[in-house]
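Asks: I am attaching a structure below and will ask some questions about it afterwards.
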Amino acid sequence: MSRNFFKSTRKIIGAGVNYKEILRITNAAKPDNPVIFFKPISSLISTDDDTIKVPRVFGHINFEAELGVVIGKRCNNVSQDQAMQYVAGYCLALDMTGMDFIIDARPKGLPWCLGKGFDTSTPVSRLISAEELGDPANVRVWCKVNEQMKQDDSTKNLIFSIPELIAFTSKFMTLEENDLILTGTPAGAGPVKDGDVLECGLGDFIQMKFNVKNE
């Protein structure tokens, strides 16, 4: 797979509320199943770009650093035991989120996809092999805003593991080569504004840096 694997990605699947610390902070119950949402392909950008362009319609944008899982071959209704056989590799991702729409829509039971789907809202790194990443169930995920650490946790603290996310999602839809699953963001996600600089990483070996610009 090439550096720009995402150019043939057909689905971006996100998992919400998937770190244990978030449940502790909010005093919320563990979800019965993964909370799944979608982002459009047009939201993807690579590290070849250096700017996250925020439409002025948004008043409140959050950063969310995540481990991304890249599907390697077509699968449907796979078991948790089989799930990792369908992983081609991993990436570092940012799930930029327009909180205005989400905060308004959730209490009303309305869709909040507009808050997840703006252009450049899903920056991703190059493809990371399983050998390079090491244990995907114990990877440090961190994010800084203007050099201040905001998020810092490990995928060992995911509520639903990578095999669980793949198995659950594949019950409902076929996963295809280069589909991207975002595994959720650690506690500490918060707002950014025009002119801010975002840095995020997986451990010490994969990092991305982006400028935030209102358009």
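Chain labels A, B, ... are given in the sequence in which chains occur in the structure tokens; within each chain residues are numbered consecutively from 1, and ligands are likewise numbered from 1 in the order shown.
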Return as a tab-separated table the residues of stretch 31-94 of chain A lying at most 7 Å from stretch 99-121 of chain A, together with the closest atom-to-atom pair for each and the distance in Å to one decimal, counting only C-alpha atoms, with rows in chain order and ascending residue number.

Replies:
```
residue	atom	partner	partner_atom	distance
A:Lys39	CA	A:Gly117	CA	5.3
A:Pro40	CA	A:Gly117	CA	5.7
A:Ser42	CA	A:Asp119	CA	5.8
A:Ser43	CA	A:Asp119	CA	4.3
A:Leu44	CA	A:Thr120	CA	5.7
A:Ile45	CA	A:Thr120	CA	5.6
A:Ile52	CA	A:Thr120	CA	5.4
A:Lys53	CA	A:Thr120	CA	6.1
A:Phe58	CA	A:Asp100	CA	6.6
A:Gly59	CA	A:Asp100	CA	6.5
A:His60	CA	A:Met99	CA	5.6
A:Ile61	CA	A:Met99	CA	5.8
A:Asn62	CA	A:Met99	CA	6.6
```

Asks: Extract the full set of strand (DSSP E) residues from stretch 8-171 of chain A according to DSSP on the backbone, and format it as number ranges by chain.

Replies: A: 12-16, 35-39, 44-46, 51-54, 61-62, 65-71, 87-94, 97-98, 122-124, 140-145, 148-154

Asks: Output C-alpha atoms for every residue in that selection, as a PDB file, in the first residue's frame.

Replies:
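The resulting file, selection-v2.pdb, is shown below:
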```pdb
ATOM      1  CA  ILE A  12     -14.363   6.477   7.364  1.00  0.00           C
ATOM      2  CA  ILE A  13     -15.922   4.888  10.434  1.00  0.00           C
ATOM      3  CA  GLY A  14     -15.518   6.569  13.810  1.00  0.00           C
ATOM      4  CA  ALA A  15     -15.984   5.226  17.324  1.00  0.00           C
ATOM      5  CA  GLY A  16     -17.236   7.738  19.873  1.00  0.00           C
ATOM      6  CA  VAL A  35     -20.974   4.265  19.324  1.00  0.00           C
ATOM      7  CA  ILE A  36     -20.409   4.410  15.562  1.00  0.00           C
ATOM      8  CA  PHE A  37     -20.516   7.416  13.228  1.00  0.00           C
ATOM      9  CA  PHE A  38     -19.306   8.213   9.706  1.00  0.00           C
ATOM     10  CA  LYS A  39     -17.207  10.921   8.092  1.00  0.00           C
ATOM     11  CA  LEU A  44      -9.436  13.392   4.416  1.00  0.00           C
ATOM     12  CA  ILE A  45      -6.111  15.172   4.049  1.00  0.00           C
ATOM     13  CA  SER A  46      -2.537  13.929   4.453  1.00  0.00           C
ATOM     14  CA  THR A  51      -3.611  23.468   7.210  1.00  0.00           C
ATOM     15  CA  ILE A  52      -6.947  22.481   8.703  1.00  0.00           C
ATOM     16  CA  LYS A  53      -9.441  24.835   7.097  1.00  0.00           C
ATOM     17  CA  VAL A  54     -12.447  25.536   9.300  1.00  0.00           C
ATOM     18  CA  ILE A  61     -14.145  23.254  16.798  1.00  0.00           C
ATOM     19  CA  ASN A  62     -12.607  20.447  18.843  1.00  0.00           C
ATOM     20  CA  ALA A  65      -6.284  12.622  18.215  1.00  0.00           C
ATOM     21  CA  GLU A  66      -6.825   8.945  17.433  1.00  0.00           C
ATOM     22  CA  LEU A  67      -5.294   5.673  16.316  1.00  0.00           C
ATOM     23  CA  GLY A  68      -6.699   4.742  12.910  1.00  0.00           C
ATOM     24  CA  VAL A  69      -7.039   1.150  11.696  1.00  0.00           C
ATOM     25  CA  VAL A  70      -6.759   0.506   7.957  1.00  0.00           C
ATOM     26  CA  ILE A  71      -8.670  -2.495   6.617  1.00  0.00           C
ATOM     27  CA  VAL A  87      -6.008  -5.248   9.270  1.00  0.00           C
ATOM     28  CA  ALA A  88      -3.499  -3.902   6.736  1.00  0.00           C
ATOM     29  CA  GLY A  89      -1.926  -1.364   9.046  1.00  0.00           C
ATOM     30  CA  TYR A  90      -2.537   1.747  11.074  1.00  0.00           C
ATOM     31  CA  CYS A  91      -2.311   5.526  10.945  1.00  0.00           C
ATOM     32  CA  LEU A  92      -2.378   8.543  13.189  1.00  0.00           C
ATOM     33  CA  ALA A  93      -5.536  10.589  12.671  1.00  0.00           C
ATOM     34  CA  LEU A  94      -7.220  13.769  13.846  1.00  0.00           C
ATOM     35  CA  THR A  97     -15.317  18.135  15.199  1.00  0.00           C
ATOM     36  CA  GLY A  98     -17.740  21.042  14.904  1.00  0.00           C
ATOM     37  CA  THR A 122      -9.726  14.162   8.991  1.00  0.00           C
ATOM     38  CA  PRO A 123      -5.945  14.586   8.705  1.00  0.00           C
ATOM     39  CA  VAL A 124      -4.103  11.253   8.563  1.00  0.00           C
ATOM     40  CA  ARG A 140       0.395   6.088  23.342  1.00  0.00           C
ATOM     41  CA  VAL A 141      -1.909   8.670  21.720  1.00  0.00           C
ATOM     42  CA  TRP A 142      -1.178  12.330  22.436  1.00  0.00           C
ATOM     43  CA  CYS A 143      -2.024  15.824  21.220  1.00  0.00           C
ATOM     44  CA  LYS A 144      -0.649  19.312  21.884  1.00  0.00           C
ATOM     45  CA  VAL A 145      -2.158  22.721  21.122  1.00  0.00           C
ATOM     46  CA  GLN A 148       0.743  22.510  25.518  1.00  0.00           C
ATOM     47  CA  MET A 149      -0.109  18.841  26.081  1.00  0.00           C
ATOM     48  CA  LYS A 150      -3.883  18.320  26.019  1.00  0.00           C
ATOM     49  CA  GLN A 151      -4.346  14.588  25.414  1.00  0.00           C
ATOM     50  CA  ASP A 152      -2.105  11.745  26.552  1.00  0.00           C
ATOM     51  CA  ASP A 153      -3.378   8.185  26.990  1.00  0.00           C
ATOM     52  CA  SER A 154      -2.866   4.645  25.714  1.00  0.00           C
TER      53      SER A 154
END
```

Asks: When distances are computed from only C-alpha atoms, which of A:Asn146, A:Asn214, A:Thr169, A:Asn76 shows the smallest separation from A:Asp196?

Replies: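 Of all the options, A:Asn146 lies closest to A:Asp196.
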
Asks: For A:Asp194, which of A:Gln80, A:Glu164, A:Pro55, A:Phe172 is the closest residue, counting only C-alpha atoms?

Replies: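 Smallest separation from A:Asp194 among the options: A:Pro55.
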
Asks: Run DSSP on the backbone of this structure and report the residues of stretch 2-130 of chain A it assigns to alpha helix (DSSP H), as a ChimeraX atom specification.

Replies: /A:20-26,80-83,99-105,130

Asks: One decimal, in Å: what's the spacing between atom CA of A:Arg56 and atom CA of A:Glu215?

Replies: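 Spanning atom CA of A:Arg56 to atom CA of A:Glu215 is a straight-line distance of 5.8 Å.
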
Asks: Distance atom CA of A:Lys171-atom CA of A:Gln82, one decimal place?

Replies: 13.0 Å

Asks: Just how far from atom CA of A:Lys20 is atom CA of A:Phe168, in Å to one decimal?

Replies: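 Between these atoms lies a distance of 18.8 Å.
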
Asks: Excluding A:Phe205 and residues on its chain fewer than 4 positions from it, collect all residues at most 10 Å away from it, counting only C-alpha atoms, and give them as an NGL selection string.

Replies: :A and (132-133 or 201)

Asks: Nearest to A:Ala137 among A:Thr155, A:Asn77, A:Ser125, A:Leu182, with distances taken over only C-alpha atoms: which residue is it?

Replies: A:Thr155

Asks: Hey, which of A:Asn18, A:Ser161, A:Ser170, A:Thr26 ends up closest to A:Pro136? Count only C-alpha atoms.

Replies: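 The shortest atom-to-atom distance to A:Pro136 comes from A:Ser161.
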